[in-house]
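Structure data (mmCIF, C-alpha atoms and all ligand atoms) from query_13.cif:
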```cif
data_final
loop_
_atom_site.label_atom_id
_atom_site.label_comp_id
_atom_site.auth_asym_id
_atom_site.auth_seq_id
_atom_site.Cartn_x
_atom_site.Cartn_y
_atom_site.Cartn_z
CA MET A 1 0.00 0.00 0.00
CA THR A 2 1.45 3.36 -0.92
CA ARG A 3 0.76 6.65 0.71
CA HIS A 4 -2.01 7.65 -1.67
CA ASP A 5 -3.82 4.31 -1.99
CA LEU A 6 -7.10 4.28 -0.13
CA PRO A 7 -8.30 1.18 1.70
CA GLN A 8 -10.51 -0.90 -0.59
CA GLY A 9 -14.04 0.50 -0.71
CA MET A 10 -13.15 3.73 1.08
CA VAL A 11 -14.73 6.86 -0.39
CA ARG A 12 -12.95 10.09 0.48
CA ALA A 13 -13.91 13.71 0.04
CA PRO A 14 -12.20 15.64 -2.73
CA SER A 15 -9.59 17.94 -1.26
CA HIS A 16 -6.62 20.11 -1.93
CA THR A 17 -3.75 18.59 -3.79
CA GLY A 18 -0.12 19.17 -2.91
CA PRO A 19 0.90 19.45 0.72
CA HIS A 20 -2.66 19.34 2.02
CA GLU A 21 -3.91 16.39 0.01
CA GLY A 22 -6.40 14.56 2.19
CA TYR A 23 -6.22 17.09 5.02
CA MET A 24 -7.57 20.43 6.15
CA PRO A 25 -5.08 22.76 7.88
CA GLY A 26 -5.63 24.72 11.10
CA TRP A 27 -5.63 23.72 14.77
CA GLY A 28 -9.03 24.21 16.41
CA ASN A 29 -10.82 25.22 13.23
CA ASP A 30 -14.49 24.57 12.72
CA PHE A 31 -14.08 22.28 9.71
CA GLU A 32 -16.65 20.99 7.28
CA THR A 33 -16.13 18.17 4.80
CA GLU A 34 -18.26 15.74 2.80
CA ALA A 35 -17.29 12.60 0.89
CA LEU A 36 -20.48 12.72 -1.21
CA PRO A 37 -21.80 15.97 -2.66
CA GLY A 38 -24.61 17.52 -0.65
CA ALA A 39 -24.28 15.07 2.27
CA LEU A 40 -23.56 17.88 4.73
CA PRO A 41 -26.67 19.86 5.75
CA GLN A 42 -26.20 23.58 5.30
CA GLY A 43 -27.50 26.22 7.68
CA MET A 44 -28.61 23.75 10.32
CA ASN A 45 -27.40 20.64 12.12
CA SER A 46 -30.43 18.44 12.48
CA PRO A 47 -32.76 18.53 9.49
CA GLN A 48 -35.95 16.51 9.64
CA LYS A 49 -34.44 14.16 7.07
CA CYS A 50 -30.77 14.07 6.08
CA ASP A 51 -29.80 13.61 2.45
CA TYR A 52 -28.82 10.11 1.26
CA GLY A 53 -30.84 8.72 4.19
CA LEU A 54 -28.00 9.49 6.57
CA TYR A 55 -28.37 9.78 10.33
CA GLY A 56 -27.23 12.95 12.09
CA GLU A 57 -25.23 12.41 15.28
CA GLN A 58 -23.15 14.64 17.52
CA LEU A 59 -19.85 13.62 19.10
CA SER A 60 -19.07 15.81 22.11
CA GLY A 61 -15.50 16.05 23.36
CA THR A 62 -16.32 18.59 26.06
CA ALA A 63 -19.33 19.35 28.21
CA PHE A 64 -21.97 21.17 26.18
CA THR A 65 -21.34 24.32 28.18
CA ALA A 66 -17.53 24.33 28.01
CA ASN A 67 -16.08 27.48 26.53
CA PRO A 68 -15.67 26.85 23.70
CA PRO A 69 -17.48 23.54 23.37
CA GLU A 70 -15.66 21.02 21.22
CA ARG A 71 -18.06 18.90 19.26
CA THR A 72 -18.52 17.48 15.81
CA TRP A 73 -21.69 16.74 13.89
CA THR A 74 -21.50 13.56 11.85
CA TYR A 75 -23.80 12.36 9.08
CA ARG A 76 -23.49 8.62 8.87
CA ILE A 77 -24.92 5.48 7.35
CA ARG A 78 -25.98 4.13 10.74
CA PRO A 79 -26.10 5.85 14.13
CA SER A 80 -23.29 4.73 16.44
CA VAL A 81 -25.72 2.86 18.64
CA LYS A 82 -25.91 0.33 15.78
CA HIS A 83 -22.16 -0.16 16.20
CA SER A 84 -22.67 -1.17 19.81
CA ALA A 85 -24.11 -4.49 21.03
CA ARG A 86 -23.64 -6.34 24.32
CA TYR A 87 -20.15 -6.10 25.79
CA THR A 88 -17.80 -8.71 27.09
CA LYS A 89 -14.63 -7.89 28.97
CA ILE A 90 -11.33 -8.89 27.44
CA ASP A 91 -7.80 -8.77 28.76
CA LEU A 92 -5.00 -6.78 27.16
CA PRO A 93 -2.42 -7.52 29.83
CA TYR A 94 0.25 -5.10 28.63
CA TRP A 95 -1.98 -2.03 28.37
CA LYS A 96 -2.29 -0.65 31.89
CA SER A 97 -4.14 2.31 33.35
CA ALA A 98 -3.56 4.42 36.41
CA PRO A 99 -3.69 3.83 39.27
CA CYS A 100 -1.29 0.94 38.66
CA VAL A 101 1.14 0.81 41.55
CA ASP A 102 2.93 -2.52 41.71
CA PRO A 103 4.22 -3.26 45.23
CA ASP A 104 7.21 -5.11 43.79
CA VAL A 105 8.32 -2.23 41.56
CA ILE A 106 10.40 0.74 42.67
CA SER A 107 9.42 3.83 40.71
CA LEU A 108 11.73 6.14 42.65
CA GLY A 109 14.93 6.18 40.65
CA GLN A 110 16.53 7.56 37.52
CA TYR A 111 15.66 5.11 34.78
CA ARG A 112 16.64 4.66 31.18
CA TRP A 113 15.70 2.01 28.64
CA ASN A 114 17.14 0.78 25.38
CA PRO A 115 14.60 0.47 22.56
CA VAL A 116 12.06 -2.28 23.21
CA PRO A 117 12.94 -4.82 20.48
CA HIS A 118 10.59 -6.16 17.84
CA ALA A 119 10.50 -9.63 19.35
CA GLU A 120 7.07 -10.80 18.22
CA THR A 121 4.95 -10.81 15.10
CA GLY A 122 1.19 -10.64 14.83
CA LEU A 123 0.99 -7.57 17.04
CA THR A 124 -1.72 -5.02 16.34
CA TRP A 125 -2.27 -1.55 17.73
CA LEU A 126 -4.12 -3.18 20.64
CA THR A 127 -1.99 -6.24 21.37
CA GLY A 128 1.26 -4.39 20.67
CA MET A 129 0.73 -1.61 23.21
CA ARG A 130 3.22 -1.83 26.11
CA THR A 131 2.58 0.51 29.01
CA MET A 132 5.74 1.91 30.59
CA THR A 133 4.37 4.34 33.19
CA THR A 134 1.06 5.51 34.61
CA ALA A 135 0.20 8.65 36.57
CA GLY A 136 -2.95 9.97 38.20
CA ASP A 137 -6.25 8.12 37.98
CA VAL A 138 -8.13 7.14 34.86
CA ASN A 139 -11.44 7.08 36.77
CA THR A 140 -11.23 10.71 37.81
CA GLN A 141 -9.78 11.76 34.44
CA VAL A 142 -6.49 13.13 35.68
CA GLY A 143 -3.00 12.09 34.69
CA MET A 144 -1.62 10.00 31.89
CA ALA A 145 0.09 6.82 30.79
CA SER A 146 3.12 6.41 28.56
CA HIS A 147 3.38 3.48 26.19
CA ILE A 148 5.64 1.95 23.61
CA TYR A 149 3.83 0.43 20.65
CA LEU A 150 5.23 -2.45 18.63
CA VAL A 151 2.95 -3.05 15.65
CA THR A 152 3.52 -5.57 12.88
CA ASP A 153 -0.02 -6.23 11.64
CA SER A 154 -2.99 -4.15 10.55
CA MET A 155 -6.26 -4.41 12.42
CA GLU A 156 -8.66 -6.32 10.15
CA ASP A 157 -12.40 -6.02 10.65
CA ALA A 158 -11.43 -4.73 14.06
CA TYR A 159 -11.97 -1.25 15.47
CA PHE A 160 -11.20 0.54 18.69
CA TYR A 161 -11.94 3.60 20.71
CA SER A 162 -10.77 4.87 24.05
CA ALA A 163 -13.42 6.45 26.22
CA ASP A 164 -10.65 7.05 28.75
CA SER A 165 -8.25 9.16 26.85
CA GLU A 166 -6.89 11.19 24.03
CA LEU A 167 -3.84 9.55 22.42
CA LEU A 168 -0.79 11.47 21.29
CA VAL A 169 1.17 9.18 18.97
CA VAL A 170 4.90 9.71 18.29
CA PRO A 171 6.18 7.27 15.64
CA GLN A 172 9.84 6.27 15.79
CA GLU A 173 9.96 3.50 13.17
CA GLY A 174 7.58 2.53 10.36
CA ARG A 175 4.46 4.16 8.98
CA LEU A 176 0.93 3.81 10.32
CA ARG A 177 -2.48 4.76 8.98
CA PHE A 178 -5.28 5.70 11.36
CA CYS A 179 -8.57 5.02 9.56
CA THR A 180 -10.93 7.03 11.76
CA GLU A 181 -14.60 7.87 11.66
CA LEU A 182 -13.62 11.37 10.53
CA GLY A 183 -11.05 10.36 7.89
CA LEU A 184 -7.56 8.99 7.29
CA ILE A 185 -4.34 10.07 8.99
CA ASP A 186 -0.98 8.67 7.84
CA VAL A 187 2.00 9.19 10.14
CA GLU A 188 5.68 8.39 10.02
CA PRO A 189 8.68 9.32 12.18
CA LYS A 190 9.05 13.10 12.66
CA GLU A 191 5.26 13.41 12.63
CA ILE A 192 2.71 12.98 15.41
CA ALA A 193 -0.98 12.13 15.50
CA ILE A 194 -3.57 13.22 18.04
CA ILE A 195 -6.58 10.90 18.32
CA PRO A 196 -9.45 12.31 20.40
CA ARG A 197 -11.29 10.51 23.16
CA GLY A 198 -14.26 8.54 21.84
CA LEU A 199 -13.25 8.48 18.18
CA VAL A 200 -13.55 5.05 16.53
CA TYR A 201 -10.69 3.87 14.33
CA ARG A 202 -8.59 1.00 13.13
CA VAL A 203 -4.84 1.12 12.60
CA GLU A 204 -3.17 -0.19 9.46
CA VAL A 205 0.52 -0.83 8.94
CA LEU A 206 1.73 1.02 5.82
CA ASP A 207 5.37 0.17 6.35
CA GLY A 208 6.40 -2.08 9.24
CA PRO A 209 7.40 -3.15 11.73
CA CYS A 210 6.32 -0.01 13.55
CA ARG A 211 7.54 1.28 16.87
CA GLY A 212 6.79 4.50 18.64
CA PHE A 213 5.63 6.23 21.77
CA VAL A 214 2.14 7.08 22.99
CA CYS A 215 1.04 9.56 25.60
CA GLU A 216 -2.41 8.61 26.82
CA ASN A 217 -4.01 11.72 28.22
CA TYR A 218 -6.77 11.02 30.75
CA GLY A 219 -7.43 14.70 31.39
CA GLN A 220 -8.46 17.80 29.51
CA LYS A 221 -7.59 17.83 25.84
CA PHE A 222 -4.26 18.97 24.50
CA GLU A 223 -4.24 22.55 23.33
CA MET A 224 -1.67 24.89 21.92
CA PRO A 225 0.28 26.70 24.64
CA GLY A 226 -0.08 30.43 24.92
CA ARG A 227 3.06 32.06 23.53
CA GLY A 228 2.98 34.96 26.00
CA PRO A 229 5.51 37.67 25.18
CA ILE A 230 6.83 35.56 22.27
CA GLY A 231 3.79 36.79 20.39
CA ALA A 232 1.96 35.40 17.39
CA ASN A 233 4.74 33.44 15.68
CA CYS A 234 7.25 30.62 16.26
CA MET A 235 6.88 27.41 18.28
CA ALA A 236 4.04 25.39 16.71
CA ASN A 237 1.89 27.24 14.23
CA PRO A 238 -1.83 26.38 13.98
CA ARG A 239 -1.75 25.97 10.20
CA ASP A 240 0.67 23.05 10.48
CA PHE A 241 -1.88 20.88 12.30
CA LYS A 242 -3.99 18.98 9.79
CA ALA A 243 -7.36 17.29 10.23
CA PRO A 244 -8.47 14.68 7.68
CA VAL A 245 -11.18 15.17 5.08
CA ALA A 246 -14.23 12.92 5.43
CA ALA A 247 -13.84 9.31 4.29
CA PHE A 248 -16.22 6.40 4.79
CA GLU A 249 -16.66 2.75 3.95
CA ASP A 250 -19.99 1.01 3.37
CA ARG A 251 -18.83 -2.46 4.34
CA GLU A 252 -21.14 -5.19 5.62
CA THR A 253 -18.60 -7.45 7.28
CA PRO A 254 -18.78 -8.98 10.78
CA SER A 255 -16.47 -6.86 12.87
CA THR A 256 -15.22 -6.42 16.42
CA LEU A 257 -15.22 -3.11 18.24
CA THR A 258 -13.00 -2.86 21.32
CA ILE A 259 -13.57 -0.10 23.84
CA LYS A 260 -11.22 1.05 26.57
CA TRP A 261 -13.44 2.32 29.37
CA CYS A 262 -12.27 3.09 32.93
CA GLY A 263 -9.06 1.16 32.38
CA GLN A 264 -10.82 -1.99 31.22
CA PHE A 265 -11.24 -3.40 27.74
CA HIS A 266 -14.58 -4.49 26.34
CA GLU A 267 -15.55 -6.09 23.05
CA THR A 268 -18.73 -5.94 21.08
CA GLN A 269 -19.58 -7.76 17.86
CA ILE A 270 -21.15 -5.76 15.05
CA ALA A 271 -22.17 -6.61 11.51
CA GLN A 272 -20.50 -3.78 9.60
CA SER A 273 -17.72 -1.24 9.56
CA PRO A 274 -18.39 1.63 11.95
CA LEU A 275 -16.34 3.97 9.74
CA ASP A 276 -19.50 5.16 8.01
CA VAL A 277 -19.39 8.95 8.46
CA VAL A 278 -20.08 10.41 5.01
CA ALA A 279 -19.84 14.06 6.07
CA TRP A 280 -18.98 16.00 9.19
CA HIS A 281 -18.47 19.46 10.55
CA GLY A 282 -17.07 20.68 13.84
CA ASN A 283 -13.98 21.33 15.91
CA TYR A 284 -13.49 17.94 17.61
CA ALA A 285 -11.21 16.08 15.24
CA PRO A 286 -8.02 14.06 14.95
CA TYR A 287 -4.89 15.82 13.74
CA LYS A 288 -1.46 15.17 12.42
CA TYR A 289 1.50 17.50 12.83
CA ASP A 290 4.95 17.50 11.28
CA LEU A 291 7.54 18.06 14.04
CA ARG A 292 9.90 19.54 11.42
CA THR A 293 7.60 22.56 11.26
CA TYR A 294 8.21 23.34 14.94
CA CYS A 295 10.12 26.62 15.17
CA PRO A 296 12.19 26.65 18.38
CA VAL A 297 13.06 29.87 20.16
CA GLY A 298 15.87 30.09 22.70
CA ALA A 299 18.56 32.09 24.41
CA ILE A 300 20.31 34.51 22.04
CA LEU A 301 22.74 36.06 24.51
CA PHE A 302 23.29 33.99 27.68
CA ASP A 303 21.80 31.31 29.97
CA HIS A 304 19.61 28.30 29.29
CA PRO A 305 15.85 28.89 29.45
CA ASP A 306 13.34 26.48 30.95
CA PRO A 307 12.33 23.65 28.58
CA SER A 308 8.77 24.97 28.58
CA ILE A 309 9.83 27.20 25.68
CA PHE A 310 9.83 24.02 23.57
CA THR A 311 6.23 23.06 24.37
CA VAL A 312 4.35 21.83 21.32
CA LEU A 313 1.05 21.03 23.03
CA THR A 314 -0.16 21.29 26.60
CA ALA A 315 -3.01 19.55 28.40
CA PRO A 316 -4.22 21.74 31.28
CA SER A 317 -4.85 20.36 34.74
CA GLY A 318 -7.22 22.99 36.03
CA VAL A 319 -4.41 24.69 37.99
CA PRO A 320 -3.22 27.61 35.87
CA GLY A 321 0.32 27.14 34.59
CA THR A 322 0.51 23.56 35.88
CA ALA A 323 -0.04 21.08 33.10
CA ASN A 324 -1.56 17.66 33.35
CA ILE A 325 0.85 16.99 30.47
CA ASP A 326 3.22 19.09 28.40
CA PHE A 327 4.50 17.62 25.15
CA VAL A 328 7.93 19.18 24.68
CA LEU A 329 10.21 18.85 21.65
CA PHE A 330 14.02 19.03 21.62
CA ARG A 331 15.02 19.35 17.99
CA GLU A 332 17.78 20.78 15.83
CA ARG A 333 18.67 24.36 16.79
CA TRP A 334 21.51 26.80 17.06
CA MET A 335 23.27 27.36 20.37
CA VAL A 336 24.75 30.82 20.66
CA ALA A 337 24.64 31.75 24.35
CA GLU A 338 27.87 33.35 25.61
CA ASN A 339 29.71 32.38 28.79
CA THR A 340 27.00 29.81 29.44
CA PHE A 341 26.75 26.18 30.41
CA ARG A 342 24.61 25.32 27.43
CA PRO A 343 23.13 21.84 28.13
CA PRO A 344 20.24 21.46 30.57
CA TRP A 345 21.42 22.38 34.05
CA TYR A 346 21.26 20.03 37.01
CA HIS A 347 17.78 20.12 38.42
CA LYS A 348 15.08 18.56 40.58
CA ASN A 349 11.48 19.24 39.60
CA ILE A 350 8.01 18.74 40.97
CA MET A 351 6.98 17.71 37.47
CA SER A 352 7.98 14.21 36.32
CA GLU A 353 9.74 13.83 32.99
CA LEU A 354 9.38 10.92 30.60
CA MET A 355 11.63 11.34 27.58
CA GLY A 356 11.94 9.48 24.29
CA ASN A 357 14.49 9.72 21.52
CA ILE A 358 13.09 9.80 17.97
CA TYR A 359 16.48 10.07 16.27
CA GLY A 360 20.01 11.34 16.79
CA GLN A 361 21.91 12.36 19.89
CA TYR A 362 20.58 14.31 22.88
CA ASP A 363 22.91 17.04 24.14
CA ALA A 364 22.75 16.27 27.86
CA LYS A 365 23.42 12.55 27.29
CA PRO A 366 25.73 11.95 24.33
CA GLN A 367 25.78 8.20 25.03
CA GLY A 368 23.16 5.72 26.12
CA PHE A 369 19.98 7.63 25.31
CA VAL A 370 19.48 6.13 21.88
CA PRO A 371 16.76 6.38 19.21
CA GLY A 372 13.77 4.36 20.35
CA GLY A 373 14.99 4.54 23.95
CA MET A 374 13.29 6.24 26.88
CA SER A 375 14.25 7.75 30.21
CA LEU A 376 12.29 8.69 33.30
CA HIS A 377 13.23 11.33 35.85
CA ASN A 378 10.46 11.22 38.35
CA MET A 379 8.96 13.82 40.65
CA MET A 380 11.58 15.55 42.84
CA LEU A 381 14.38 13.29 41.71
CA PRO A 382 17.67 15.02 40.80
CA HIS A 383 19.30 14.59 37.40
CA GLY A 384 21.31 16.42 34.79
CA PRO A 385 24.20 16.02 32.38
CA ASP A 386 26.54 13.07 32.71
CA ARG A 387 30.24 13.68 33.29
CA ASP A 388 31.21 13.72 29.62
CA ALA A 389 28.49 16.21 28.75
CA PHE A 390 29.41 18.36 31.76
CA GLU A 391 33.14 18.44 30.97
CA LYS A 392 32.61 19.04 27.28
CA ALA A 393 30.14 21.87 27.83
CA SER A 394 32.25 23.42 30.60
CA ASN A 395 35.36 23.57 28.44
CA ALA A 396 33.97 24.18 24.96
CA ASN A 397 34.91 27.20 22.89
CA LEU A 398 31.57 28.94 22.72
CA GLY A 399 31.01 30.02 19.17
CA PRO A 400 27.71 29.59 17.37
CA ASP A 401 27.11 25.86 17.33
CA LYS A 402 24.40 23.92 15.56
CA LEU A 403 22.85 21.04 17.45
CA ASP A 404 22.17 18.80 14.48
CA ASN A 405 20.73 15.34 14.02
CA THR A 406 18.69 15.45 17.21
CA MET A 407 15.01 14.98 17.96
CA SER A 408 13.83 13.95 21.39
CA PHE A 409 10.67 14.74 23.27
CA MET A 410 9.30 14.82 26.79
CA PHE A 411 5.94 13.90 28.25
CA GLU A 412 6.04 16.02 31.39
CA THR A 413 3.28 15.68 33.95
CA ARG A 414 2.51 17.25 37.31
CA PHE A 415 1.89 13.73 38.67
CA PRO A 416 4.46 11.12 39.72
CA GLN A 417 4.85 8.32 37.20
CA HIS A 418 4.73 4.69 38.31
CA LEU A 419 6.60 2.04 36.38
CA THR A 420 4.67 -0.95 35.18
CA ARG A 421 5.95 -4.44 35.80
CA PHE A 422 6.76 -4.55 32.07
CA ALA A 423 8.92 -1.42 32.32
CA ALA A 424 10.72 -2.70 35.41
CA GLN A 425 11.21 -6.34 34.50
CA GLU A 426 10.67 -7.04 30.78
CA ALA A 427 11.73 -3.90 28.94
CA PRO A 428 15.48 -3.44 28.34
CA LEU A 429 16.24 -1.32 31.39
CA GLN A 430 19.80 0.00 31.58
CA ASP A 431 20.80 -1.14 35.05
CA ASP A 432 23.89 1.05 35.00
CA TYR A 433 22.16 4.32 34.07
CA ILE A 434 22.60 5.77 37.55
CA ASP A 435 26.36 5.26 37.15
CA CYS A 436 26.52 7.99 34.49
CA TRP A 437 26.88 10.53 37.28
CA ASP A 438 29.42 8.47 39.29
CA SER A 439 32.51 10.08 37.87
CA LEU A 440 31.41 13.66 38.48
CA GLU A 441 34.21 15.08 40.60
CA LYS A 442 34.29 17.32 43.59
CA LYS A 443 36.14 20.34 42.22
CA PHE A 444 35.74 22.64 45.25
CA ASP A 445 38.75 23.01 47.52
CA GLY A 446 38.09 26.48 48.90
CA THR A 447 40.45 28.21 46.44
CA PRO A 448 39.00 31.54 45.21
CA GLY A 449 38.94 31.85 41.45
CA ARG A 450 39.18 28.13 40.82
CA LYS A 451 36.93 27.01 37.92
FE FE B 1 14.92 17.10 33.54
#
```

The structure given in the file should be rewritten as structure tokens.
Ligand SMILES: [Fe+2]
Amino acid sequence: MTRHDLPQGMVRAPSHTGPHEGYMPGWGNDFETEALPGALPQGMNSPQKCDYGLYGEQLSGTAFTANPPERTWTYRIRPSVKHSARYTKIDLPYWKSAPCVDPDVISLGQYRWNPVPHAETGLTWLTGMRTMTTAGDVNTQVGMASHIYLVTDSMEDAYFYSADSELLVVPQEGRLRFCTELGLIDVEPKEIAIIPRGLVYRVEVLDGPCRGFVCENYGQKFEMPGRGPIGANCMANPRDFKAPVAAFEDRETPSTLTIKWCGQFHETQIAQSPLDVVAWHGNYAPYKYDLRTYCPVGAILFDHPDPSIFTVLTAPSGVPGTANIDFVLFRERWMVAENTFRPPWYHKNIMSELMGNIYGQYDAKPQGFVPGGMSLHNMMLPHGPDRDAFEKASNANLGPDKLDNTMSFMFETRFPQHLTRFAAQEAPLQDDYIDCWDSLEKKFDGTPGRK
């Protein structure tokens, strides 16, 4: 399957060609799109009879009275209630939800993992999800989970939605297609996808095996951070987020729909594809975003600013300025600060930091934090550059210097993150990570002027 081939039987709305083919640009826009001409009612949401015999249905991502409400009107072959029969519980033992505090696991520690290897075949988006950490409580809709996905196989006649969470997907290897109720999203490394809570989809492998990272957000939706004094430009720009045009399939095939609800998985058997939305309009939609369009800003004279200047998206917690999750990107950029220790300084934070490496070398850890790998620096746990990074940065000639070939990210949350048993015992944990600070020397001997 190539990038532009549609799944068999899928009908997609005509759209722009070129860079926007198949997508509509603009974060938070009120989009409208139809895969068949005239399928979208104009001037009203709920006509007495919809064209083509479609059913009108609203998907609400916020309370009706939220400001602004986020909701999407869909016009579909069957109402969603026809894609929902009796439920049975199933077990997906590697996909965990908070609270998940294992008494045999120590989460207090500086942890780093090598890439989780592709050890198995036959893994889908559901069976290939491996939870690394959980934070908060899925039942009260606060906190998050971090996962690694290892996907080798497409979901066939199988669909999924999470009532618990919005998923932020960060591919590291391979290409995936999210066939959603609202249209198709293809993602590859250096791109991300955001799949809203409640949206039904299946995941196809375009080019595998696929590995990547997922932040499962139990709380309020991700939004773009305010830029404050930075103004109206730089960081992520709204036009670079792209929602899909409408696409539907009219497929009468026995299918399975799996639902994640309050941390448990449920299955229901249905007789057709639920991806039957012919037209939709609204502002509750999935997106993709190309991380190469992120425009970093930084210090242009001296010192090292807080990493919050690299925030791509933030999910609020209800406490102003204190995110449930920040998604932060460390990418290629120029370093020009004078008389400055340029890497991240040593620090201890109330926020907990889960990092992943998409490609290249991270400046605070030249060795050991490898593409596909992860690290965790938990709440109020000290960390910082290893000895090599410290010595190099302390003694470097400070001209303009390009940090090249680097793309890492952080899922930062206000809540402590608990390791799963998989993260502690099955994933390739680097037992010697803590040793990276061992050789840091005491330099102080009371001599004034010593550096
Ligand atoms: Fe940190």

For chain A versus ligand FE 1 (chain B), which residues have an atom no more than 9 Å away, and what is each residue's nearest atom pair and distance in Å rounded to one decimal, using only C-alpha atoms and all ligand atoms, chain-then-number order, as JSON lines?
```
{"residue": "A:Pro307", "atom": "CA", "partner": "B:FE1", "partner_atom": "FE", "distance": 8.6}
{"residue": "A:Pro344", "atom": "CA", "partner": "B:FE1", "partner_atom": "FE", "distance": 7.5}
{"residue": "A:Trp345", "atom": "CA", "partner": "B:FE1", "partner_atom": "FE", "distance": 8.4}
{"residue": "A:Tyr346", "atom": "CA", "partner": "B:FE1", "partner_atom": "FE", "distance": 7.8}
{"residue": "A:His347", "atom": "CA", "partner": "B:FE1", "partner_atom": "FE", "distance": 6.4}
{"residue": "A:Lys348", "atom": "CA", "partner": "B:FE1", "partner_atom": "FE", "distance": 7.2}
{"residue": "A:Asn349", "atom": "CA", "partner": "B:FE1", "partner_atom": "FE", "distance": 7.3}
{"residue": "A:Met351", "atom": "CA", "partner": "B:FE1", "partner_atom": "FE", "distance": 8.9}
{"residue": "A:Ser352", "atom": "CA", "partner": "B:FE1", "partner_atom": "FE", "distance": 8.0}
{"residue": "A:Glu353", "atom": "CA", "partner": "B:FE1", "partner_atom": "FE", "distance": 6.2}
{"residue": "A:Leu354", "atom": "CA", "partner": "B:FE1", "partner_atom": "FE", "distance": 8.8}
{"residue": "A:Met355", "atom": "CA", "partner": "B:FE1", "partner_atom": "FE", "distance": 8.9}
{"residue": "A:Leu376", "atom": "CA", "partner": "B:FE1", "partner_atom": "FE", "distance": 8.8}
{"residue": "A:His377", "atom": "CA", "partner": "B:FE1", "partner_atom": "FE", "distance": 6.4}
{"residue": "A:Asn378", "atom": "CA", "partner": "B:FE1", "partner_atom": "FE", "distance": 8.8}
{"residue": "A:Pro382", "atom": "CA", "partner": "B:FE1", "partner_atom": "FE", "distance": 8.0}
{"residue": "A:His383", "atom": "CA", "partner": "B:FE1", "partner_atom": "FE", "distance": 6.4}
{"residue": "A:Gly384", "atom": "CA", "partner": "B:FE1", "partner_atom": "FE", "distance": 6.5}
```

Give as a list in words each residue that has an atom at most 7 Å from (-21.9, 18.0, 19.6) in the file, counting only C-alpha atoms.
-> Gln58, Leu59, Ser60, Arg71, Thr72 and Trp73 of chain A

Any chance you could tabulate, as JSON lines, the residues of stretch 383-418 of chain A at most 12 Å from stretch 209-214 of chain A with each one's nearest atom pair and distance in Å to one decimal, using only C-alpha atoms, in chain and rising number order?
```
{"residue": "A:Ser408", "atom": "CA", "partner": "A:Phe213", "partner_atom": "CA", "distance": 11.3}
{"residue": "A:Phe409", "atom": "CA", "partner": "A:Phe213", "partner_atom": "CA", "distance": 10.0}
{"residue": "A:Met410", "atom": "CA", "partner": "A:Phe213", "partner_atom": "CA", "distance": 10.6}
{"residue": "A:Phe411", "atom": "CA", "partner": "A:Val214", "partner_atom": "CA", "distance": 9.4}
```

So which one's closest to A:Lys242, A:Ser97, A:Thr152, A:Asn29, A:Ser165? Using only C-alpha atoms, please.
->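 Closest to A:Lys242, using only C-alpha atoms: A:Asn29.
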
Shell of 12 Å around A:Glu332, all atoms listed in the file, local chain residues under 3 positions omitted, as an mmCIF file with C-alpha atoms, in the coordinates of the input:
```cif
data_model
loop_
_atom_site.group_PDB
_atom_site.id
_atom_site.type_symbol
_atom_site.label_atom_id
_atom_site.label_comp_id
_atom_site.auth_asym_id
_atom_site.auth_seq_id
_atom_site.Cartn_x
_atom_site.Cartn_y
_atom_site.Cartn_z
ATOM 1 C CA LEU A 291 7.540 18.060 14.040
ATOM 2 C CA ARG A 292 9.900 19.540 11.420
ATOM 3 C CA THR A 293 7.600 22.560 11.260
ATOM 4 C CA TYR A 294 8.210 23.340 14.940
ATOM 5 C CA CYS A 295 10.120 26.620 15.170
ATOM 6 C CA PRO A 296 12.190 26.650 18.380
ATOM 7 C CA VAL A 297 13.060 29.870 20.160
ATOM 8 C CA GLY A 298 15.870 30.090 22.700
ATOM 9 C CA PHE A 310 9.830 24.020 23.570
ATOM 10 C CA LEU A 329 10.210 18.850 21.650
ATOM 11 C CA MET A 335 23.270 27.360 20.370
ATOM 12 C CA TYR A 359 16.480 10.070 16.270
ATOM 13 C CA GLY A 360 20.010 11.340 16.790
ATOM 14 C CA GLN A 361 21.910 12.360 19.890
ATOM 15 C CA TYR A 362 20.580 14.310 22.880
ATOM 16 C CA ASP A 363 22.910 17.040 24.140
ATOM 17 C CA ASP A 401 27.110 25.860 17.330
ATOM 18 C CA LYS A 402 24.400 23.920 15.560
ATOM 19 C CA LEU A 403 22.850 21.040 17.450
ATOM 20 C CA ASP A 404 22.170 18.800 14.480
ATOM 21 C CA ASN A 405 20.730 15.340 14.020
ATOM 22 C CA THR A 406 18.690 15.450 17.210
ATOM 23 C CA MET A 407 15.010 14.980 17.960
ATOM 24 C CA SER A 408 13.830 13.950 21.390
ATOM 25 C CA PHE A 409 10.670 14.740 23.270
#
```

Surrounding residues of stretch 417-425 of chain A excluding itself and chain neighbours under 2 positions, 7 Å, only C-alpha atoms, as a PDB file with C-alpha atoms, keeping the file's coordinate frame:
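Saved as part-v6.pdb:
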```
ATOM      1  CA  VAL A 101       1.140   0.810  41.550  1.00  0.00           C
ATOM      2  CA  ASP A 102       2.930  -2.520  41.710  1.00  0.00           C
ATOM      3  CA  VAL A 105       8.320  -2.230  41.560  1.00  0.00           C
ATOM      4  CA  SER A 107       9.420   3.830  40.710  1.00  0.00           C
ATOM      5  CA  THR A 131       2.580   0.510  29.010  1.00  0.00           C
ATOM      6  CA  MET A 132       5.740   1.910  30.590  1.00  0.00           C
ATOM      7  CA  THR A 133       4.370   4.340  33.190  1.00  0.00           C
ATOM      8  CA  THR A 134       1.060   5.510  34.610  1.00  0.00           C
ATOM      9  CA  ALA A 135       0.200   8.650  36.570  1.00  0.00           C
ATOM     10  CA  SER A 352       7.980  14.210  36.320  1.00  0.00           C
ATOM     11  CA  ASN A 378      10.460  11.220  38.350  1.00  0.00           C
ATOM     12  CA  PHE A 415       1.890  13.730  38.670  1.00  0.00           C
ATOM     13  CA  ALA A 427      11.730  -3.900  28.940  1.00  0.00           C
ATOM     14  CA  LEU A 429      16.240  -1.320  31.390  1.00  0.00           C
TER      15      LEU A 429
END
```
